[in-house]
Amino acid sequence: MGRSTIREVSDRAGVSVGTVSNVLNAPHLVADPTRARVLSAISELDYRPNRAARSLQARRTYLIGYRLPGAGKSPALDVFLHALVGAASGHGLEIALFSPRADETELDAYRRLIRGGDVDGLVLSETNYQDPRIALLTESGVPFVSFGRALDSQPFPWVDVDGAAGMRLVVDHLVAAGHPQITLAAWPEGSESGDDRVRGFGPGQDREVIRVLGGFENGRRLGHTLFDRARPPTAVAAVEDSLALGLMAAAADLGLTVGRDVAVAGFDDSVAAGLVTPGLTSVRQPMDRVARCMIDGLVSILDGGPVPHSQLLMPDLVVRESTSR
């Protein structure tokens, strides 16, 4: 009798292959009853992940590993994850989520997943300058594709959204609406995606960039500072919706009407952008297309085809009442 497979375990437990992988690699992500059922199936079938002999190239698991973003990350990554699951499903693949254990570093978690041999490849997000994960995966020979760029000296297949172009759409819209004084609420330097958006903001006599940590409360505090000036900006753009929503809250605190007294625009077109009053003008990233391009490229690599060319996709501006006078 041959070695039991992860697919047989999933069939015995009545769960997906991805759930079995999560029980093995990130058990805290699985509910207790489900985890117990999977562990029982593993025991009954004497399933043992092949930690050495089986290579990722020699046997397909139909699983793609993705590091679960930490709590409080951008809502855009939630949208991306849903799009990624849908794109993978179209190829008969499933997304296996994982995260570092309490005693692991970020890279340790990737090393564990690579050693386990239970994924065909990996998807990265939140890449940054000199991202150590890229070097690790490249040296390991593990197929991967990334949502986001890094340095040109680290060649790898990626798909990204042109953040600079997205911010230019915001600025052009605000200028056309007659706003002479525009401030940009940006993250601290060092974020690839954030710095890209700052580049799109561009220089100008009546433009300023203020660096601030992300999040609603940081946006609210910044708004109180900006809108209480003797000469406040007529418009504020933000590199994320959470900051922009905080700015809108600050304006309301001070008795200002967003859209009439001050314009506010965000980035990512989160669900909240369309629910608040007034609606928040924001840059929409084509997450469905991003996910499809990434999975298509990864499948090409897994099937022995050519390594896909990196792709830079254009966003759209969704104009709402927060920037209309």
# chains A, B, ... in the order shown; residues from 1 in each chain; ligands from 1
call {"tool": "residues_around", "arguments": {"residues": "region 266-281 of chain A", "least_positions_apart": "4", "cutoff": "10 Å", "atoms": "only C-alpha atoms", "output": "PyMOL selection string"}}
result
chain A and resi 74-79+163+166-167+170+184-185+197+236-245+247-248+257-259+285-287+315-324
call {"tool": "residues_around", "arguments": {"residues": "region 141-144 of chain A", "least_positions_apart": "6", "cutoff": "6 Å", "atoms": "only C-alpha atoms", "output": "list in words"}}
result
Gly121, Leu122 and Val123 of chain A
call {"tool": "select_by_dssp", "arguments": {"residues": "region 51-271 of chain A", "states": "helix (DSSP H, G or I)", "output": "MDAnalysis selection string"}}
result
chainID A and resid 75:89 106:116 132:140 163:176 192:201 216:227 241:253 271
call {"tool": "write_last_selection", "arguments": {"atoms": "C-alpha atoms", "output": "short mmCIF file (atom, residue, chain, number, x, y, z; two decimals), in the first residue's frame"}}
result
data_model
loop_
_atom_site.label_atom_id
_atom_site.label_comp_id
_atom_site.auth_asym_id
_atom_site.auth_seq_id
_atom_site.Cartn_x
_atom_site.Cartn_y
_atom_site.Cartn_z
CA PRO A 75 -8.80 46.37 3.43
CA ALA A 76 -7.49 46.16 -0.14
CA LEU A 77 -5.72 42.93 0.81
CA ASP A 78 -9.05 41.42 1.90
CA VAL A 79 -10.45 42.19 -1.55
CA PHE A 80 -7.30 40.76 -3.12
CA LEU A 81 -7.59 37.51 -1.14
CA HIS A 82 -11.18 36.96 -2.29
CA ALA A 83 -10.14 37.64 -5.89
CA LEU A 84 -7.17 35.29 -5.51
CA VAL A 85 -9.37 32.43 -4.29
CA GLY A 86 -11.69 32.91 -7.26
CA ALA A 87 -8.84 33.05 -9.78
CA ALA A 88 -7.21 29.93 -8.32
CA SER A 89 -10.52 28.05 -8.40
CA GLU A 106 8.37 35.60 8.95
CA LEU A 107 11.04 33.76 6.97
CA ASP A 108 10.80 30.72 9.24
CA ALA A 109 7.17 30.31 8.23
CA TYR A 110 8.11 30.30 4.56
CA ARG A 111 10.93 27.82 5.19
CA ARG A 112 8.51 25.50 7.00
CA LEU A 113 6.05 25.59 4.13
CA ILE A 114 8.81 24.91 1.61
CA ARG A 115 10.14 21.96 3.62
CA GLY A 116 6.64 20.52 3.97
CA PRO A 132 14.10 38.95 1.94
CA ARG A 133 11.30 36.56 0.94
CA ILE A 134 12.17 37.05 -2.72
CA ALA A 135 15.77 35.97 -2.19
CA LEU A 136 14.65 32.98 -0.11
CA LEU A 137 12.15 31.72 -2.68
CA THR A 138 14.48 32.36 -5.60
CA GLU A 139 17.30 30.42 -3.95
CA SER A 140 14.90 27.62 -2.98
CA GLY A 163 -0.01 53.75 -7.81
CA ALA A 164 1.68 56.81 -9.29
CA ALA A 165 -0.87 56.91 -12.11
CA GLY A 166 -3.67 56.46 -9.60
CA MET A 167 -2.52 59.42 -7.53
CA ARG A 168 -2.16 61.54 -10.67
CA LEU A 169 -5.82 60.81 -11.38
CA VAL A 170 -6.67 62.17 -7.93
CA VAL A 171 -4.56 65.32 -8.32
CA ASP A 172 -5.86 66.07 -11.82
CA HIS A 173 -9.42 65.71 -10.56
CA LEU A 174 -8.83 68.03 -7.60
CA VAL A 175 -7.07 70.64 -9.73
CA ALA A 176 -9.89 70.54 -12.28
CA GLU A 192 7.22 50.64 -2.19
CA SER A 193 3.52 51.13 -2.85
CA GLY A 194 3.33 54.25 -0.66
CA ASP A 195 6.36 55.90 -2.24
CA ASP A 196 4.93 55.12 -5.68
CA ARG A 197 1.77 57.00 -4.79
CA VAL A 198 3.78 59.95 -3.51
CA ARG A 199 5.63 60.12 -6.83
CA GLY A 200 2.29 60.45 -8.57
CA PHE A 201 1.32 63.37 -6.33
CA PHE A 216 -8.39 55.96 10.85
CA GLU A 217 -7.24 57.50 14.13
CA ASN A 218 -3.99 58.78 12.64
CA GLY A 219 -5.98 60.36 9.84
CA ARG A 220 -8.32 61.97 12.34
CA ARG A 221 -5.45 63.44 14.35
CA LEU A 222 -3.81 64.77 11.21
CA GLY A 223 -7.10 66.29 10.10
CA HIS A 224 -7.46 68.25 13.33
CA THR A 225 -3.98 69.68 12.76
CA LEU A 226 -4.53 70.52 9.09
CA PHE A 227 -8.03 71.95 9.25
CA ASP A 241 -8.96 55.04 2.52
CA SER A 242 -8.52 54.56 6.27
CA LEU A 243 -6.52 57.79 6.51
CA ALA A 244 -9.02 59.58 4.30
CA LEU A 245 -11.95 58.44 6.43
CA GLY A 246 -10.16 59.73 9.51
CA LEU A 247 -9.65 63.08 7.77
CA MET A 248 -13.37 63.23 7.01
CA ALA A 249 -14.18 62.53 10.66
CA ALA A 250 -11.87 65.36 11.75
CA ALA A 251 -13.59 67.75 9.36
CA ALA A 252 -16.95 66.82 10.85
CA ASP A 253 -15.55 67.30 14.37
CA VAL A 271 -16.25 49.05 0.94
#
call {"tool": "residues_around", "arguments": {"residues": "region 18-25 of chain A", "least_positions_apart": "2", "cutoff": "6 Å", "atoms": "only C-alpha atoms", "output": "PyMOL selection string"}}
result
chain A and resi 16+27+96
call {"tool": "closest_residue", "arguments": {"among": "A:Leu298, A:Leu45, A:Val145, A:Val209", "to": "Pro233 (chain A)", "atoms": "only C-alpha atoms"}}
result
A:Val209
call {"tool": "closest_residue", "arguments": {"among": "A:Val212, A:Ala235, A:Val159, A:Ala291", "to": "Val264 (chain A)", "atoms": "only C-alpha atoms"}}
result
A:Ala235
call {"tool": "atom_distance", "arguments": {"atom1": "CA of Glu208 (chain A)", "atom2": "CA of Ala186 (chain A)"}}
result
10.2 Å
call {"tool": "closest_residue", "arguments": {"among": "A:Tyr47, A:Ala263, A:Ala177, A:Ser125", "to": "Pro69 (chain A)", "atoms": "only C-alpha atoms"}}
result
A:Ser125
call {"tool": "select_by_dssp", "arguments": {"residues": "region 53-223 of chain A", "states": "strand (DSSP E)", "output": "ChimeraX atom specification"}}
result
/A:63-67,94-98,121-125,144-147,158-161,182-186,207-211
call {"tool": "atom_distance", "arguments": {"atom1": "CA of Cys293 (chain A)", "atom2": "CA of Gly117 (chain A)"}}
result
24.3 Å
